[in-house]
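Asker: The structure is given below, and queries will be raised subsequently.
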Amino acid sequence: MKKITQYLLYFLTFIGFAQDIDLELFASGFTRPVNVKHAGDDRLFVAEQRGMIKILNANGATNPTPFLDIRSIVNDSGNEQGLLGLAFHPDYTNNGYFYVNYINSASDTVVSRFTRSTDDIADPNSEVILLTIDQPFSNHNGGDMHFGPNDGYLYISSGDGGSGGDPGNRAQNTTLLLGKILRIDVDGNSNGNYGIPADNPYVSDSNVLDEIWAYGLRNPWKFSFDRDNGDLWIADVGQSNKEEINRVPASDGGGENYGWRCYEGNSTYNTSGCPAMNTLTFPVAEYNYGGSPFRCSISGGYRYRGTQQSTLQGLYFFADFCSDEIGIVREISPGNFQLTFETQFNGEGISGFAENLNGELYTIGLSSGEISRIVDSNLSVDEETLNPVKIFPNPANDVLNIDGNGTSIQIESIRFYDVLGKEVKTVSGFEEQSFSINIKDLRSGVYIVVINSINGNKSTRKLVVN
């Protein structure tokens, strides 16, 4: 009892000063997940690269029937091809519209709309194609999509068309949709199945396609809006020197040129025929390609605006796919940002991040097939001897899942303590290494969970019960 209370006091005293990052497994069993969004409720919709979208419920369980299966029209033969993006209409509750970004059989980008049939199933025959973008190579397809929180328009990221070094200078070519952030009105029809917002920055310029909101990007694989102030954060995958992060204040009206192929991050790359440097917008943060651990591809995330991790408030999260490191960007003074790498999670292959309805953040493990919640490491006050044992979801509702598969640990008992150190629940007699515990009898609040093994080792975790 004394030892448990000491852990609680440590947590309660020092959580406000912690900065280390940890991951808590929320769900597993996905096949190459690449994009996860919510639809205005407590579910997460997980897009798999092969062409399926699955519903992940708030209790960590995945629906057995996919929400959408379009594998028959999705080409995922290339490493950067497949179903890449997902976004739900701001009025999805009423109209049932959602949008996907995928590579078709001709290896071109397709942005289209589908409609749900029931709350848990979409109609695969409801596709309405909004636009198709010719892709000269298989890589650098971008593919992320978000509706602007302040304007309700659909923003779409597109890569520079692939190969290396942007051989066609497509990112700077404003008569092409490659290497851009696009902005369209899905409720309009002035351009076929969508409209052009009247305040798009180039609608009066005959030399620029109306859909273009910003350009000069290499492969903006992931971008996001800050739910607190509407700022746009764009993570752009570099060539062989710099990985970069761009920030666009919500007050800006678009029209930025981010400089690729002229510049890679803040460094020159190929300035032949390029505009003046003072007309370009440079990243607020960057890091070097290569090194040890080897870094080579940024996966952008979100600025944390949730409520359960107070020490993470306002931090922008990203990862490097090659090093499996999670990094953060801090605004240390107005307009002045600092980038640091925090923790490495080998075997994850972090392809992106997800934000739930309440602003809590999750990682998307392309390699592991896992969706994990980002926490301050003090939310897992662990004695390290049983680290391989996973508990999820956390926070939990009625059921807590324990996963000790793949370990040599034999779990003897699991004990639950309240914040005063009082034992409130004990469960034992496990025949399997993976099982679920009914926690309906626990009131909402914070608990310490102690996992005991038959050889006397133990692990201490923090659990939040909704």
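If you're wondering about the labels, chains in the structure tokens are A, B, ... by order shown, residues count from 1 in each chain, ligands from 1 in order shown.
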DSSP on the backbone: which residues in region 238-310 of chain A end up as strand (DSSP E)? Give the answer as a ChimeraX atom specification.

Answerer: /A:242-248,263-264,267-268,285-288,298-303

Asker: If we count only C-alpha atoms and set the cut-off at 9 Å, which residues sit around Phe435 (chain A), ignoring sequence neighbours fewer than 4 positions away in its own chain? Please answer as a list in words.

Answerer: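 Answer for this query is Leu400, Asn401, Ile402, Asp403, Gly404, Phe430 and Glu431 of chain A.
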
Asker: Give me the residues near Arg415 (chain A) as a PyMOL selection string, where near means some atom within 6 Å (using only C-alpha atoms) and where sequence neighbours in that chain fewer than 4 positions away do not count.

Answerer: chain A and resi 425-426+449-450

Asker: Deliver the residues from the most recent selection as a file, using N, CA, C and O atoms, as a short mmCIF file (atom, residue, chain, number, x, y, z; two decimals), in the first residue's frame.

Answerer:
data_model
loop_
_atom_site.label_atom_id
_atom_site.label_comp_id
_atom_site.auth_asym_id
_atom_site.auth_seq_id
_atom_site.Cartn_x
_atom_site.Cartn_y
_atom_site.Cartn_z
N LYS A 425 -10.25 -3.02 -6.44
CA LYS A 425 -10.63 -4.15 -7.29
C LYS A 425 -9.41 -5.03 -7.53
O LYS A 425 -8.30 -4.52 -7.75
N THR A 426 -9.60 -6.34 -7.48
CA THR A 426 -8.54 -7.30 -7.78
C THR A 426 -9.10 -8.38 -8.70
O THR A 426 -10.21 -8.88 -8.48
N VAL A 449 -3.22 1.04 -11.80
CA VAL A 449 -3.37 -0.39 -12.08
C VAL A 449 -2.02 -1.06 -11.88
O VAL A 449 -1.02 -0.64 -12.49
N VAL A 450 -1.96 -2.09 -11.04
CA VAL A 450 -0.73 -2.83 -10.78
C VAL A 450 -0.87 -4.22 -11.37
O VAL A 450 -1.77 -4.98 -10.98
#

Asker: Please provide as number ranges by chain all residues within 10 Å of region 183-188 of chain A, with the sequence filter that same-chain residues fewer than 4 positions apart are discarded (counting only C-alpha atoms).

Answerer: A: 89, 99, 113, 130, 145-148, 151-157, 192-198, 200-201, 210-214, 254

Asker: Select from region 245-349 of chain A every residue with an atom at most 10 Å from any atom of region 218-226 of chain A, then for each give the shortest pair of atoms and their distance in Å to one decimal, using only C-alpha atoms, rows by chain and rising number, as a tab-separated table.

Answerer:
residue	atom	partner	partner_atom	distance
A:Ile245	CA	A:Phe223	CA	9.3
A:Asn246	CA	A:Phe223	CA	9.3
A:Arg247	CA	A:Phe225	CA	9.6
A:Val248	CA	A:Phe225	CA	9.3
A:Pro249	CA	A:Asp226	CA	9.6
A:Ala250	CA	A:Phe225	CA	9.0
A:Tyr258	CA	A:Arg218	CA	9.2
A:Gly259	CA	A:Arg218	CA	9.1
A:Trp260	CA	A:Arg218	CA	6.1
A:Arg261	CA	A:Arg218	CA	7.4
A:Glu264	CA	A:Arg218	CA	8.7
A:Ser297	CA	A:Trp221	CA	9.4
A:Ile298	CA	A:Trp221	CA	8.1
A:Ser299	CA	A:Lys222	CA	6.2
A:Gly300	CA	A:Lys222	CA	4.9
A:Gly301	CA	A:Ser224	CA	6.7
A:Tyr302	CA	A:Ser224	CA	5.9
A:Arg303	CA	A:Asp226	CA	5.9
A:Tyr304	CA	A:Asp226	CA	8.2
A:Arg305	CA	A:Asp226	CA	7.9
A:Gly314	CA	A:Asp226	CA	9.1
A:Tyr316	CA	A:Asp226	CA	9.1
A:Phe318	CA	A:Lys222	CA	9.5

Asker: Can you spit out the residues from that selection as a CSV table (one decimal), in the first residue's frame, using C-alpha atoms?

Answerer:
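part.csv was written with the following content:
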chain,number,residue,atom,x,y,z
A,245,ILE,CA,7.3,22.3,-41.1
A,246,ASN,CA,5.3,25.3,-42.3
A,247,ARG,CA,2.8,27.3,-40.3
A,248,VAL,CA,0.1,29.5,-41.9
A,249,PRO,CA,-1.7,31.9,-39.5
A,250,ALA,CA,-5.4,31.7,-39.8
A,258,TYR,CA,6.9,27.5,-50.1
A,259,GLY,CA,9.9,27.5,-52.4
A,260,TRP,CA,10.4,23.9,-53.6
A,261,ARG,CA,12.3,23.0,-55.9
A,264,GLU,CA,14.6,22.6,-49.5
A,297,SER,CA,10.5,11.4,-44.0
A,298,ILE,CA,8.4,13.6,-41.9
A,299,SER,CA,4.9,12.6,-40.9
A,300,GLY,CA,3.0,15.7,-39.8
A,301,GLY,CA,0.5,15.8,-36.9
A,302,TYR,CA,-1.5,18.2,-34.9
A,303,ARG,CA,-1.0,20.9,-32.2
A,304,TYR,CA,-2.3,19.4,-29.0
A,305,ARG,CA,-5.5,21.1,-27.8
A,314,GLY,CA,0.0,23.9,-27.5
A,316,TYR,CA,2.8,20.5,-32.3
A,318,PHE,CA,5.2,15.2,-35.7

Asker: Tell me, as an NGL selection string, which residues lie within 8 Å of region 266-268 of chain A, counting only C-alpha atoms; anything in the same chain fewer than 5 positions away does not count.

Answerer: :A and (242 or 282-283)

Asker: Nearest to Arg50 (chain A): which of A:Gly82, A:Pro33, A:Pro64, A:Gly265 is it, counting only C-alpha atoms?

Answerer: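 Answer, going by the shortest atom-to-atom distance: A:Gly82.
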
Asker: Report the closest atom pair, with its distance in Å rounded to one decimal, for each residue of region 248-279 of chain A that has an atom no farther than 12 Å from region 202-205 of chain A; count only C-alpha atoms, sort by chain and then rising residue number, and write it as a tab-separated table.

Answerer:
residue	atom	partner	partner_atom	distance
A:Gly253	CA	A:Tyr202	CA	10.5
A:Gly254	CA	A:Tyr202	CA	9.1
A:Gly255	CA	A:Tyr202	CA	7.3
A:Glu256	CA	A:Tyr202	CA	10.8

Asker: For those residues, write N, CA, C and O atoms to a file as a compact mmCIF listing (two decimals), in the first residue's frame.

Answerer:
# COMPACT_ATOMS: atom_id res chain seq x y z
N GLY A 253 -4.53 34.86 -46.06
CA GLY A 253 -5.52 34.50 -47.07
C GLY A 253 -5.03 33.53 -48.11
O GLY A 253 -5.65 33.39 -49.17
N GLY A 254 -3.93 32.83 -47.84
CA GLY A 254 -3.36 31.92 -48.82
C GLY A 254 -2.47 32.64 -49.81
O GLY A 254 -2.17 33.83 -49.67
N GLY A 255 -2.03 31.91 -50.83
CA GLY A 255 -1.18 32.49 -51.86
C GLY A 255 0.30 32.32 -51.60
O GLY A 255 1.12 32.82 -52.38
N GLU A 256 0.68 31.57 -50.54
CA GLU A 256 2.10 31.39 -50.24
C GLU A 256 2.78 30.48 -51.26
O GLU A 256 2.19 29.55 -51.79

Asker: Please identify the helix (DSSP H, G or I) residues within region 214-401 of chain A (assignment by DSSP from backbone atoms) and present them as a PyMOL selection string.

Answerer: chain A and resi 277-279+310-312+377-379

Asker: Which of these residues is nearest to Val74 (chain A), using only C-alpha atoms: A:Ser372, A:Asn405, A:Gln49, A:Ser292?

Answerer: A:Gln49

Asker: Which residues come within 9 Å of region 171-176 of chain A, counting only C-alpha atoms, excluding same-chain residues fewer than 2 positions away, as an MDAnalysis selection string?

Answerer: chainID A and resid 133 159:161 166 168:169 178:180 207:209 212 215:218 257 259:262 274

Asker: Save the residues we just selected, C-alpha atoms, as a PDB file, in the first residue's frame?

Answerer:
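Written out: out-v5.pdb:
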ATOM      1  CA  ILE A 133      -5.000  14.707 -60.994  1.00  0.00           C
ATOM      2  CA  GLY A 159       2.756  16.182 -54.047  1.00  0.00           C
ATOM      3  CA  ASP A 160       5.020  17.429 -56.833  1.00  0.00           C
ATOM      4  CA  GLY A 161       4.367  14.442 -59.105  1.00  0.00           C
ATOM      5  CA  ASP A 166      10.954  17.667 -59.168  1.00  0.00           C
ATOM      6  CA  GLY A 168       9.371  18.920 -64.313  1.00  0.00           C
ATOM      7  CA  ASN A 169       9.451  21.859 -61.878  1.00  0.00           C
ATOM      8  CA  LEU A 178       0.898  19.195 -58.278  1.00  0.00           C
ATOM      9  CA  GLY A 179       2.975  20.372 -55.325  1.00  0.00           C
ATOM     10  CA  LYS A 180       0.092  22.422 -53.951  1.00  0.00           C
ATOM     11  CA  ASN A 207      -1.908  32.196 -65.083  1.00  0.00           C
ATOM     12  CA  VAL A 208      -2.885  30.222 -61.965  1.00  0.00           C
ATOM     13  CA  LEU A 209      -5.466  27.484 -61.565  1.00  0.00           C
ATOM     14  CA  ILE A 212      -4.636  26.579 -55.868  1.00  0.00           C
ATOM     15  CA  TYR A 215       2.188  26.102 -53.884  1.00  0.00           C
ATOM     16  CA  GLY A 216       5.888  25.217 -53.897  1.00  0.00           C
ATOM     17  CA  LEU A 217       5.586  21.996 -51.871  1.00  0.00           C
ATOM     18  CA  ARG A 218       7.398  18.702 -52.456  1.00  0.00           C
ATOM     19  CA  ASN A 257       4.938  29.934 -52.295  1.00  0.00           C
ATOM     20  CA  GLY A 259       9.869  27.471 -52.420  1.00  0.00           C
ATOM     21  CA  TRP A 260      10.372  23.890 -53.602  1.00  0.00           C
ATOM     22  CA  ARG A 261      12.327  23.022 -55.897  1.00  0.00           C
ATOM     23  CA  CYS A 262      14.221  26.282 -55.438  1.00  0.00           C
ATOM     24  CA  CYS A 274      13.244  30.775 -59.468  1.00  0.00           C
TER      25      CYS A 274
END
